[in-house]
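Chemist: File name model_4.csv; file contents CSV, N, CA and C atoms; full text below.
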chain,number,residue,atom,x,y,z
A,51,MET,N,0.8,-1.2,0.0
A,51,MET,CA,0.0,0.0,0.0
A,51,MET,C,0.9,1.2,0.0
A,52,LYS,N,0.6,2.1,-0.9
A,52,LYS,CA,1.3,3.4,-1.0
A,52,LYS,C,1.0,4.4,0.1
A,53,MET,N,2.0,5.1,0.6
A,53,MET,CA,1.8,6.1,1.6
A,53,MET,C,1.3,7.4,0.8
A,54,ASN,N,0.6,8.2,1.5
A,54,ASN,CA,0.2,9.5,1.0
A,54,ASN,C,1.4,10.4,0.7
A,55,GLN,N,1.3,11.1,-0.4
A,55,GLN,CA,2.3,12.1,-0.7
A,55,GLN,C,2.2,13.2,0.3
A,56,PRO,N,3.3,13.9,0.6
A,56,PRO,CA,3.2,15.0,1.7
A,56,PRO,C,2.2,16.1,1.3
A,57,ASP,N,1.9,16.3,0.0
A,57,ASP,CA,1.1,17.4,-0.3
A,57,ASP,C,-0.4,17.0,-0.5
A,58,THR,N,-0.7,15.7,-0.2
A,58,THR,CA,-2.1,15.3,-0.3
A,58,THR,C,-2.7,15.0,1.1
A,59,PRO,N,-4.0,15.2,1.2
A,59,PRO,CA,-4.6,15.0,2.5
A,59,PRO,C,-4.6,13.6,2.9
A,60,ASP,N,-4.7,13.3,4.2
A,60,ASP,CA,-4.9,11.9,4.6
A,60,ASP,C,-6.4,11.5,4.3
A,61,LEU,N,-6.7,10.3,4.5
A,61,LEU,CA,-8.0,9.8,4.1
A,61,LEU,C,-9.1,10.5,4.9
A,62,THR,N,-8.9,10.7,6.2
A,62,THR,CA,-9.9,11.4,7.0
A,62,THR,C,-10.2,12.8,6.5
A,63,VAL,N,-9.2,13.6,6.3
A,63,VAL,CA,-9.3,14.9,5.8
A,63,VAL,C,-10.0,15.0,4.4
A,64,ALA,N,-9.5,14.1,3.5
A,64,ALA,CA,-10.0,14.1,2.2
A,64,ALA,C,-11.5,13.7,2.2
A,65,ALA,N,-11.9,12.8,3.1
A,65,ALA,CA,-13.3,12.4,3.2
A,65,ALA,C,-14.2,13.5,3.7
A,66,ALA,N,-13.7,14.3,4.7
A,66,ALA,CA,-14.4,15.4,5.2
A,66,ALA,C,-14.6,16.5,4.1
A,67,GLN,N,-13.5,16.8,3.4
A,67,GLN,CA,-13.6,17.8,2.4
A,67,GLN,C,-14.5,17.4,1.2
A,68,PHE,N,-14.4,16.1,0.8
A,68,PHE,CA,-15.3,15.7,-0.3
A,68,PHE,C,-16.7,15.7,0.2
A,69,ALA,N,-17.0,15.4,1.5
A,69,ALA,CA,-18.3,15.4,2.0
A,69,ALA,C,-18.8,16.9,2.0
A,70,ALA,N,-18.0,17.8,2.3
A,70,ALA,CA,-18.4,19.2,2.3
A,70,ALA,C,-18.8,19.6,0.8
A,71,LEU,N,-18.2,19.0,-0.1
A,71,LEU,CA,-18.4,19.4,-1.5
A,71,LEU,C,-19.5,18.5,-2.1
A,72,GLY,N,-20.1,17.7,-1.3
A,72,GLY,CA,-21.1,16.7,-1.8
A,72,GLY,C,-22.5,17.2,-2.0
A,73,SER,N,-22.6,18.5,-2.2
A,73,SER,CA,-23.9,19.2,-2.5
A,73,SER,C,-23.7,20.1,-3.7
A,74,GLU,N,-24.6,20.1,-4.6
A,74,GLU,CA,-24.5,20.9,-5.8
A,74,GLU,C,-24.4,22.4,-5.4
A,75,GLN,N,-25.2,22.8,-4.4
A,75,GLN,CA,-25.2,24.2,-3.9
A,75,GLN,C,-23.8,24.5,-3.3
A,76,ARG,N,-23.3,23.7,-2.4
A,76,ARG,CA,-22.0,24.0,-1.8
A,76,ARG,C,-20.9,24.0,-2.9
A,77,LEU,N,-21.0,23.1,-3.8
A,77,LEU,CA,-20.0,23.1,-4.9
A,77,LEU,C,-20.1,24.4,-5.7
A,78,SER,N,-21.3,24.8,-6.0
A,78,SER,CA,-21.5,26.1,-6.7
A,78,SER,C,-21.0,27.3,-5.9
A,79,VAL,N,-21.2,27.3,-4.6
A,79,VAL,CA,-20.7,28.3,-3.7
A,79,VAL,C,-19.2,28.4,-3.8
A,80,LEU,N,-18.5,27.2,-3.6
A,80,LEU,CA,-17.0,27.2,-3.6
A,80,LEU,C,-16.5,27.6,-5.0
A,81,ARG,N,-17.1,27.1,-6.1
A,81,ARG,CA,-16.7,27.5,-7.4
A,81,ARG,C,-16.8,29.0,-7.6
A,82,THR,N,-17.9,29.6,-7.2
A,82,THR,CA,-18.1,31.0,-7.3
A,82,THR,C,-17.0,31.8,-6.6
A,83,LEU,N,-16.7,31.3,-5.4
A,83,LEU,CA,-15.7,32.0,-4.6
A,83,LEU,C,-14.3,31.8,-5.2
A,84,VAL,N,-14.0,30.7,-5.8
A,84,VAL,CA,-12.7,30.5,-6.4
A,84,VAL,C,-12.6,31.4,-7.6
A,85,ARG,N,-13.7,31.6,-8.4
A,85,ARG,CA,-13.7,32.5,-9.5
A,85,ARG,C,-13.5,34.0,-9.0
A,86,ALA,N,-14.0,34.3,-7.8
A,86,ALA,CA,-13.9,35.7,-7.3
A,86,ALA,C,-12.5,36.0,-6.9
A,87,GLY,N,-11.7,35.0,-6.6
A,87,GLY,CA,-10.3,35.3,-6.3
A,87,GLY,C,-10.2,35.6,-4.8
A,88,PRO,N,-9.0,36.0,-4.4
A,88,PRO,CA,-8.7,36.2,-2.9
A,88,PRO,C,-9.5,37.3,-2.3
A,89,GLU,N,-10.0,38.2,-3.1
A,89,GLU,CA,-10.8,39.3,-2.5
A,89,GLU,C,-12.1,38.8,-1.9
A,90,GLY,N,-12.6,37.7,-2.5
A,90,GLY,CA,-13.9,37.1,-2.0
A,90,GLY,C,-15.1,38.0,-2.5
A,91,LEU,N,-16.2,37.7,-1.9
A,91,LEU,CA,-17.5,38.3,-2.2
A,91,LEU,C,-18.2,38.6,-0.9
A,92,SER,N,-19.0,39.6,-0.9
A,92,SER,CA,-19.9,39.8,0.2
A,92,SER,C,-20.9,38.7,0.2
A,93,ILE,N,-21.5,38.3,1.4
A,93,ILE,CA,-22.5,37.3,1.5
A,93,ILE,C,-23.7,37.5,0.5
A,94,GLY,N,-24.0,38.8,0.4
A,94,GLY,CA,-25.1,39.2,-0.5
A,94,GLY,C,-24.8,38.9,-1.9
A,95,GLU,N,-23.6,39.3,-2.4
A,95,GLU,CA,-23.2,39.1,-3.7
A,95,GLU,C,-23.1,37.6,-4.0
A,96,LEU,N,-22.5,36.9,-3.1
A,96,LEU,CA,-22.4,35.4,-3.2
A,96,LEU,C,-23.8,34.8,-3.4
A,97,GLY,N,-24.7,35.2,-2.6
A,97,GLY,CA,-26.1,34.7,-2.8
A,97,GLY,C,-26.7,35.1,-4.1
A,98,THR,N,-26.4,36.3,-4.6
A,98,THR,CA,-26.9,36.7,-5.9
A,98,THR,C,-26.3,35.9,-7.0
A,99,ARG,N,-25.0,35.6,-7.0
A,99,ARG,CA,-24.4,34.9,-8.0
A,99,ARG,C,-24.7,33.4,-8.1
A,100,THR,N,-25.0,32.9,-6.9
A,100,THR,CA,-25.2,31.4,-6.8
A,100,THR,C,-26.7,31.1,-6.8
A,101,GLY,N,-27.5,32.0,-6.4
A,101,GLY,CA,-29.0,31.8,-6.3
A,101,GLY,C,-29.3,31.1,-4.9
A,102,VAL,N,-28.3,31.0,-4.1
A,102,VAL,CA,-28.4,30.4,-2.7
A,102,VAL,C,-28.4,31.5,-1.7
A,103,THR,N,-29.5,31.7,-1.0
A,103,THR,CA,-29.6,32.9,-0.1
A,103,THR,C,-30.0,32.5,1.3
A,104,GLY,N,-30.0,33.5,2.2
A,104,GLY,CA,-30.5,33.3,3.5
A,104,GLY,C,-29.9,32.2,4.4
A,105,SER,N,-30.7,31.6,5.1
A,105,SER,CA,-30.2,30.6,6.0
A,105,SER,C,-29.6,29.4,5.3
A,106,THR,N,-30.0,29.1,4.1
A,106,THR,CA,-29.4,28.0,3.3
A,106,THR,C,-28.0,28.3,3.0
A,107,LEU,N,-27.7,29.6,2.6
A,107,LEU,CA,-26.3,29.9,2.3
A,107,LEU,C,-25.5,29.9,3.5
A,108,THR,N,-26.0,30.4,4.6
A,108,THR,CA,-25.3,30.4,5.9
A,108,THR,C,-25.0,29.0,6.3
A,109,HIS,N,-25.9,28.0,6.1
A,109,HIS,CA,-25.7,26.6,6.4
A,109,HIS,C,-24.5,26.1,5.6
A,110,HIS,N,-24.6,26.3,4.3
A,110,HIS,CA,-23.6,25.8,3.4
A,110,HIS,C,-22.2,26.4,3.7
A,111,MET,N,-22.2,27.7,4.0
A,111,MET,CA,-20.9,28.4,4.3
A,111,MET,C,-20.3,27.8,5.6
A,112,LYS,N,-21.1,27.4,6.5
A,112,LYS,CA,-20.7,26.8,7.8
A,112,LYS,C,-20.0,25.5,7.5
A,113,ILE,N,-20.6,24.7,6.6
A,113,ILE,CA,-20.0,23.4,6.3
A,113,ILE,C,-18.7,23.5,5.6
A,114,LEU,N,-18.7,24.4,4.6
A,114,LEU,CA,-17.4,24.7,3.8
A,114,LEU,C,-16.3,25.3,4.7
A,115,ASN,N,-16.7,26.1,5.6
A,115,ASN,CA,-15.8,26.7,6.6
A,115,ASN,C,-15.2,25.6,7.5
A,116,SER,N,-16.1,24.7,8.0
A,116,SER,CA,-15.6,23.7,8.9
A,116,SER,C,-14.6,22.7,8.2
A,117,ALA,N,-14.8,22.6,6.9
A,117,ALA,CA,-13.9,21.7,6.1
A,117,ALA,C,-12.6,22.5,5.8
A,118,GLY,N,-12.5,23.8,6.1
A,118,GLY,CA,-11.3,24.5,5.9
A,118,GLY,C,-11.2,25.0,4.4
A,119,LEU,N,-12.3,25.0,3.7
A,119,LEU,CA,-12.2,25.4,2.3
A,119,LEU,C,-12.5,26.9,2.1
A,120,VAL,N,-13.2,27.6,3.0
A,120,VAL,CA,-13.6,29.0,2.8
A,120,VAL,C,-13.4,29.7,4.2
A,121,THR,N,-13.4,31.0,4.1
A,121,THR,CA,-13.5,31.8,5.3
A,121,THR,C,-14.6,32.9,5.2
A,122,GLN,N,-15.0,33.4,6.3
A,122,GLN,CA,-15.9,34.5,6.4
A,122,GLN,C,-15.3,35.5,7.3
A,123,ALA,N,-15.3,36.8,6.9
A,123,ALA,CA,-14.7,37.8,7.8
A,123,ALA,C,-15.6,39.1,7.7
A,124,LYS,N,-15.8,39.7,8.8
A,124,LYS,CA,-16.6,40.9,8.9
A,124,LYS,C,-15.8,42.1,8.4
A,125,GLN,N,-16.3,42.8,7.5
A,125,GLN,CA,-15.7,44.1,7.0
A,125,GLN,C,-16.7,45.2,7.1
A,126,GLY,N,-16.6,46.0,8.1
A,126,GLY,CA,-17.6,47.0,8.3
A,126,GLY,C,-19.0,46.3,8.5
A,127,ARG,N,-19.9,46.6,7.7
A,127,ARG,CA,-21.3,46.0,7.8
A,127,ARG,C,-21.5,44.8,7.0
A,128,SER,N,-20.5,44.4,6.2
A,128,SER,CA,-20.6,43.3,5.3
A,128,SER,C,-19.8,42.1,5.9
A,129,VAL,N,-20.3,40.9,5.4
A,129,VAL,CA,-19.5,39.7,5.7
A,129,VAL,C,-18.9,39.3,4.4
A,130,ILE,N,-17.6,39.1,4.3
A,130,ILE,CA,-16.9,38.8,3.1
A,130,ILE,C,-16.5,37.3,3.2
A,131,CYS,N,-16.9,36.6,2.1
A,131,CYS,CA,-16.6,35.2,2.0
A,131,CYS,C,-15.5,35.0,1.0
A,132,ALA,N,-14.6,34.1,1.3
A,132,ALA,CA,-13.5,33.8,0.3
A,132,ALA,C,-13.1,32.4,0.3
A,133,ALA,N,-12.7,31.9,-0.8
A,133,ALA,CA,-12.1,30.6,-0.9
A,133,ALA,C,-10.7,30.7,-0.5
A,134,VAL,N,-10.2,29.9,0.4
A,134,VAL,CA,-8.9,30.0,1.0
A,134,VAL,C,-8.0,28.8,0.7
A,135,ALA,N,-8.6,27.7,0.4
A,135,ALA,CA,-7.9,26.5,0.3
A,135,ALA,C,-7.6,26.0,-1.1
A,136,TYR,N,-7.1,26.9,-1.9
A,136,TYR,CA,-6.8,26.6,-3.3
A,136,TYR,C,-5.9,25.3,-3.4
A,137,ASP,N,-4.9,25.3,-2.5
A,137,ASP,CA,-4.0,24.2,-2.5
A,137,ASP,C,-4.7,22.9,-2.0
A,138,ASP,N,-5.6,23.0,-1.1
A,138,ASP,CA,-6.3,21.9,-0.6
A,138,ASP,C,-7.2,21.3,-1.7
A,139,VAL,N,-7.9,22.2,-2.4
A,139,VAL,CA,-8.8,21.7,-3.5
A,139,VAL,C,-7.9,21.0,-4.6
A,140,GLN,N,-6.8,21.5,-4.9
A,140,GLN,CA,-5.9,20.9,-5.9
A,140,GLN,C,-5.4,19.5,-5.3
A,141,ALA,N,-5.1,19.5,-4.0
A,141,ALA,CA,-4.6,18.3,-3.3
A,141,ALA,C,-5.7,17.2,-3.3
A,142,LEU,N,-7.0,17.6,-3.3
A,142,LEU,CA,-8.1,16.6,-3.3
A,142,LEU,C,-8.1,15.9,-4.7
A,143,SER,N,-7.9,16.6,-5.7
A,143,SER,CA,-7.9,15.9,-7.0
A,143,SER,C,-6.6,15.1,-7.1
A,144,GLN,N,-5.5,15.5,-6.6
A,144,GLN,CA,-4.3,14.7,-6.6
A,144,GLN,C,-4.4,13.5,-5.7
A,145,PHE,N,-5.2,13.6,-4.6
A,145,PHE,CA,-5.5,12.5,-3.8
A,145,PHE,C,-6.1,11.3,-4.6
A,146,LEU,N,-7.0,11.6,-5.5
A,146,LEU,CA,-7.6,10.6,-6.3
A,146,LEU,C,-6.7,10.0,-7.4
A,147,LEU,N,-5.8,10.9,-7.9
A,147,LEU,CA,-4.9,10.5,-9.0
A,147,LEU,C,-3.6,9.9,-8.6
A,148,ASN,N,-3.2,10.1,-7.3
A,148,ASN,CA,-1.8,9.6,-6.9
A,148,ASN,C,-1.6,8.1,-7.2
A,149,GLU,N,-2.5,7.3,-7.1
A,149,GLU,CA,-2.3,5.9,-7.3
A,149,GLU,C,-3.0,5.4,-8.5
A,150,CYS,N,-3.2,6.3,-9.5
A,150,CYS,CA,-3.9,6.0,-10.7
A,150,CYS,C,-3.2,4.8,-11.4
A,151,CYS,N,-3.9,3.8,-11.7
A,151,CYS,CA,-3.5,2.6,-12.4
A,151,CYS,C,-2.5,1.8,-11.6
A,152,ALA,N,-2.3,2.0,-10.3
A,152,ALA,CA,-1.4,1.3,-9.5
A,152,ALA,C,-1.5,-0.2,-9.5
A,153,ASP,N,-2.8,-0.7,-9.6
A,153,ASP,CA,-3.0,-2.1,-9.6
A,153,ASP,C,-3.3,-2.6,-11.0
A,154,SER,N,-3.1,-1.8,-12.0
A,154,SER,CA,-3.4,-2.2,-13.4
A,154,SER,C,-2.2,-2.9,-14.0
A,155,ILE,N,-2.4,-3.9,-14.8
A,155,ILE,CA,-1.3,-4.6,-15.5
A,155,ILE,C,-0.7,-3.6,-16.5
A,156,THR,N,-1.6,-2.8,-17.1
A,156,THR,CA,-1.2,-1.9,-18.2
A,156,THR,C,-0.9,-0.5,-17.5
A,157,PRO,N,0.3,0.0,-17.7
A,157,PRO,CA,0.7,1.3,-17.1
A,157,PRO,C,-0.2,2.4,-17.7
A,158,CYS,N,-0.5,3.4,-16.9
A,158,CYS,CA,-1.4,4.5,-17.4
A,158,CYS,C,-0.6,5.4,-18.2
A,159,GLY,N,-0.8,5.4,-19.5
A,159,GLY,CA,-0.1,6.3,-20.4
A,159,GLY,C,-1.1,6.9,-21.4
A,160,ASP,N,-2.4,6.5,-21.3
A,160,ASP,CA,-3.4,7.0,-22.3
A,160,ASP,C,-4.1,8.2,-21.8
A,161,HIS,N,-3.8,8.7,-20.6
A,161,HIS,CA,-4.5,9.9,-20.0
A,161,HIS,C,-3.5,10.7,-19.2
A,162,ASP,N,-3.8,11.9,-19.1
A,162,ASP,CA,-2.9,12.9,-18.4
A,162,ASP,C,-3.5,13.2,-17.0
A,163,HIS,N,-2.6,13.4,-16.1
A,163,HIS,CA,-3.1,13.7,-14.7
A,163,HIS,C,-3.0,15.2,-14.4
A,164,GLY,N,-2.7,16.0,-15.5
A,164,GLY,CA,-2.7,17.4,-15.4
A,164,GLY,C,-1.9,18.0,-14.4
As a first step, turn the structure in this file into structure tokens.
Modeler:
Amino acid sequence: MKMNQPDTPDLTVAAAQFAALGSEQRLSVLRTLVRAGPEGLSIGELGTRTGVTGSTLTHHMKILNSAGLVTQAKQGRSVICAAVAYDDVQALSQFLLNECCADSITPCGDHDHG
């Protein structure tokens, strides 16, 4: 059995982060925040862009925050939400691909791991 690469999450962390992304709405929220860049978006603008508002957006942000994928910070009268775990999101994909074709008789050469 192969050990995790240093830059990939362990199984427990990966499972928690994948679980946090296991909702279309949460995935949409994270994707929107990634597109917004490090400046993030106000909670109101995030709701407008995703169509997820009110207590539902608050619930999804709490789950994404608990998984360490986003932050929320008060700026004046606004709450600014931002994706902060760009490296973690990339590491999640690498988590799946690290052992690609490891048990295959045929080496993986017909696809790219980007």
Chemist: Show me, as a count of residues only, the residues that have an atom within 6.5 Å of stretch 71-80 of chain A when counting all atoms listed in the file, minus same-chain residues fewer than 5 positions from it.
Modeler: 4
Chemist: Quick one: pull the distance between atom C of A:Gly90 and atom CA of A:Ser116, Å, one decimal.
Modeler: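 That distance, rounded to one decimal, is 18.3 Å.
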Chemist: Calculated over only C-alpha atoms, which of the candidates A:Thr98, A:Ser143, A:Ser92, A:Ser154 has the smallest distance to A:Gln122?
Modeler: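 Closest candidate: A:Ser92.
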Chemist: Taking all atoms listed in the file into account, name the residue in A:Cys151, A:Ile113, A:Ala132, A:Ala65 that is nearest to A:Leu91.
Modeler: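 With all atoms listed in the file as the atom set, the closest residue is A:Ala132.
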Chemist: So what do you get for atom C of A:Cys158 versus atom C of A:Leu142, distance-wise?
Modeler: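 Between atom C of A:Cys158 and atom C of A:Leu142 the gap is 18.7 Å.
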Chemist: Would you work out the distance separating atom C of A:Pro59 from atom C of A:Gly118, expressed in Å to one decimal?
Modeler: 13.3 Å
Chemist: Which of these residues is nearest to A:Phe145, using only C-alpha atoms: A:Ala86, A:Ala123, A:Ile93, A:Leu61?
Modeler: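 Nearest candidate to A:Phe145 out of A:Ala86, A:Ala123, A:Ile93, A:Leu61: A:Leu61.
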Chemist: Could you pull out the strand (DSSP E) residues of stretch 56-126 of chain A, going by DSSP on the backbone, and write them as a PyMOL selection string?
Modeler: chain A and resi 91-92+120-125
Chemist: Which residues are near A:Val139? Cut-off 12 Å, only C-alpha atoms, ignore same chain within fewer than 3 positions. Put them as a ChimeraX atom specification.
Modeler: /A:57-59,63-64,67-68,70-71,77,80-81,84,114,117-120,133-136,142-146
Chemist: For the selection just defined, write its residues with N, CA and C atoms to a file, as a PDB file, in the frame of the given file.
Modeler:
ATOM      1  N   ASP A  57       1.900  16.300   0.000  1.00  0.00           N
ATOM      2  CA  ASP A  57       1.100  17.400  -0.300  1.00  0.00           C
ATOM      3  C   ASP A  57      -0.400  17.000  -0.500  1.00  0.00           C
ATOM      4  N   THR A  58      -0.700  15.700  -0.200  1.00  0.00           N
ATOM      5  CA  THR A  58      -2.100  15.300  -0.300  1.00  0.00           C
ATOM      6  C   THR A  58      -2.700  15.000   1.100  1.00  0.00           C
ATOM      7  N   PRO A  59      -4.000  15.200   1.200  1.00  0.00           N
ATOM      8  CA  PRO A  59      -4.600  15.000   2.500  1.00  0.00           C
ATOM      9  C   PRO A  59      -4.600  13.600   2.900  1.00  0.00           C
ATOM     10  N   VAL A  63      -9.200  13.600   6.300  1.00  0.00           N
ATOM     11  CA  VAL A  63      -9.300  14.900   5.800  1.00  0.00           C
ATOM     12  C   VAL A  63     -10.000  15.000   4.400  1.00  0.00           C
ATOM     13  N   ALA A  64      -9.500  14.100   3.500  1.00  0.00           N
ATOM     14  CA  ALA A  64     -10.000  14.100   2.200  1.00  0.00           C
ATOM     15  C   ALA A  64     -11.500  13.700   2.200  1.00  0.00           C
ATOM     16  N   GLN A  67     -13.500  16.800   3.400  1.00  0.00           N
ATOM     17  CA  GLN A  67     -13.600  17.800   2.400  1.00  0.00           C
ATOM     18  C   GLN A  67     -14.500  17.400   1.200  1.00  0.00           C
ATOM     19  N   PHE A  68     -14.400  16.100   0.800  1.00  0.00           N
ATOM     20  CA  PHE A  68     -15.300  15.700  -0.300  1.00  0.00           C
ATOM     21  C   PHE A  68     -16.700  15.700   0.200  1.00  0.00           C
ATOM     22  N   ALA A  70     -18.000  17.800   2.300  1.00  0.00           N
ATOM     23  CA  ALA A  70     -18.400  19.200   2.300  1.00  0.00           C
ATOM     24  C   ALA A  70     -18.800  19.600   0.800  1.00  0.00           C
ATOM     25  N   LEU A  71     -18.200  19.000  -0.100  1.00  0.00           N
ATOM     26  CA  LEU A  71     -18.400  19.400  -1.500  1.00  0.00           C
ATOM     27  C   LEU A  71     -19.500  18.500  -2.100  1.00  0.00           C
ATOM     28  N   LEU A  77     -21.000  23.100  -3.800  1.00  0.00           N
ATOM     29  CA  LEU A  77     -20.000  23.100  -4.900  1.00  0.00           C
ATOM     30  C   LEU A  77     -20.100  24.400  -5.700  1.00  0.00           C
ATOM     31  N   LEU A  80     -18.500  27.200  -3.600  1.00  0.00           N
ATOM     32  CA  LEU A  80     -17.000  27.200  -3.600  1.00  0.00           C
ATOM     33  C   LEU A  80     -16.500  27.600  -5.000  1.00  0.00           C
ATOM     34  N   ARG A  81     -17.100  27.100  -6.100  1.00  0.00           N
ATOM     35  CA  ARG A  81     -16.700  27.500  -7.400  1.00  0.00           C
ATOM     36  C   ARG A  81     -16.800  29.000  -7.600  1.00  0.00           C
ATOM     37  N   VAL A  84     -14.000  30.700  -5.800  1.00  0.00           N
ATOM     38  CA  VAL A  84     -12.700  30.500  -6.400  1.00  0.00           C
ATOM     39  C   VAL A  84     -12.600  31.400  -7.600  1.00  0.00           C
ATOM     40  N   LEU A 114     -18.700  24.400   4.600  1.00  0.00           N
ATOM     41  CA  LEU A 114     -17.400  24.700   3.800  1.00  0.00           C
ATOM     42  C   LEU A 114     -16.300  25.300   4.700  1.00  0.00           C
ATOM     43  N   ALA A 117     -14.800  22.600   6.900  1.00  0.00           N
ATOM     44  CA  ALA A 117     -13.900  21.700   6.100  1.00  0.00           C
ATOM     45  C   ALA A 117     -12.600  22.500   5.800  1.00  0.00           C
ATOM     46  N   GLY A 118     -12.500  23.800   6.100  1.00  0.00           N
ATOM     47  CA  GLY A 118     -11.300  24.500   5.900  1.00  0.00           C
ATOM     48  C   GLY A 118     -11.200  25.000   4.400  1.00  0.00           C
ATOM     49  N   LEU A 119     -12.300  25.000   3.700  1.00  0.00           N
ATOM     50  CA  LEU A 119     -12.200  25.400   2.300  1.00  0.00           C
ATOM     51  C   LEU A 119     -12.500  26.900   2.100  1.00  0.00           C
ATOM     52  N   VAL A 120     -13.200  27.600   3.000  1.00  0.00           N
ATOM     53  CA  VAL A 120     -13.600  29.000   2.800  1.00  0.00           C
ATOM     54  C   VAL A 120     -13.400  29.700   4.200  1.00  0.00           C
ATOM     55  N   ALA A 133     -12.700  31.900  -0.800  1.00  0.00           N
ATOM     56  CA  ALA A 133     -12.100  30.600  -0.900  1.00  0.00           C
ATOM     57  C   ALA A 133     -10.700  30.700  -0.500  1.00  0.00           C
ATOM     58  N   VAL A 134     -10.200  29.900   0.400  1.00  0.00           N
ATOM     59  CA  VAL A 134      -8.900  30.000   1.000  1.00  0.00           C
ATOM     60  C   VAL A 134      -8.000  28.800   0.700  1.00  0.00           C
ATOM     61  N   ALA A 135      -8.600  27.700   0.400  1.00  0.00           N
ATOM     62  CA  ALA A 135      -7.900  26.500   0.300  1.00  0.00           C
ATOM     63  C   ALA A 135      -7.600  26.000  -1.100  1.00  0.00           C
ATOM     64  N   TYR A 136      -7.100  26.900  -1.900  1.00  0.00           N
ATOM     65  CA  TYR A 136      -6.800  26.600  -3.300  1.00  0.00           C
ATOM     66  C   TYR A 136      -5.900  25.300  -3.400  1.00  0.00           C
ATOM     67  N   LEU A 142      -7.000  17.600  -3.300  1.00  0.00           N
ATOM     68  CA  LEU A 142      -8.100  16.600  -3.300  1.00  0.00           C
ATOM     69  C   LEU A 142      -8.100  15.900  -4.700  1.00  0.00           C
ATOM     70  N   SER A 143      -7.900  16.600  -5.700  1.00  0.00           N
ATOM     71  CA  SER A 143      -7.900  15.900  -7.000  1.00  0.00           C
ATOM     72  C   SER A 143      -6.600  15.100  -7.100  1.00  0.00           C
ATOM     73  N   GLN A 144      -5.500  15.500  -6.600  1.00  0.00           N
ATOM     74  CA  GLN A 144      -4.300  14.700  -6.600  1.00  0.00           C
ATOM     75  C   GLN A 144      -4.400  13.500  -5.700  1.00  0.00           C
ATOM     76  N   PHE A 145      -5.200  13.600  -4.600  1.00  0.00           N
ATOM     77  CA  PHE A 145      -5.500  12.500  -3.800  1.00  0.00           C
ATOM     78  C   PHE A 145      -6.100  11.300  -4.600  1.00  0.00           C
ATOM     79  N   LEU A 146      -7.000  11.600  -5.500  1.00  0.00           N
ATOM     80  CA  LEU A 146      -7.600  10.600  -6.300  1.00  0.00           C
ATOM     81  C   LEU A 146      -6.700  10.000  -7.400  1.00  0.00           C
TER      82      LEU A 146
END
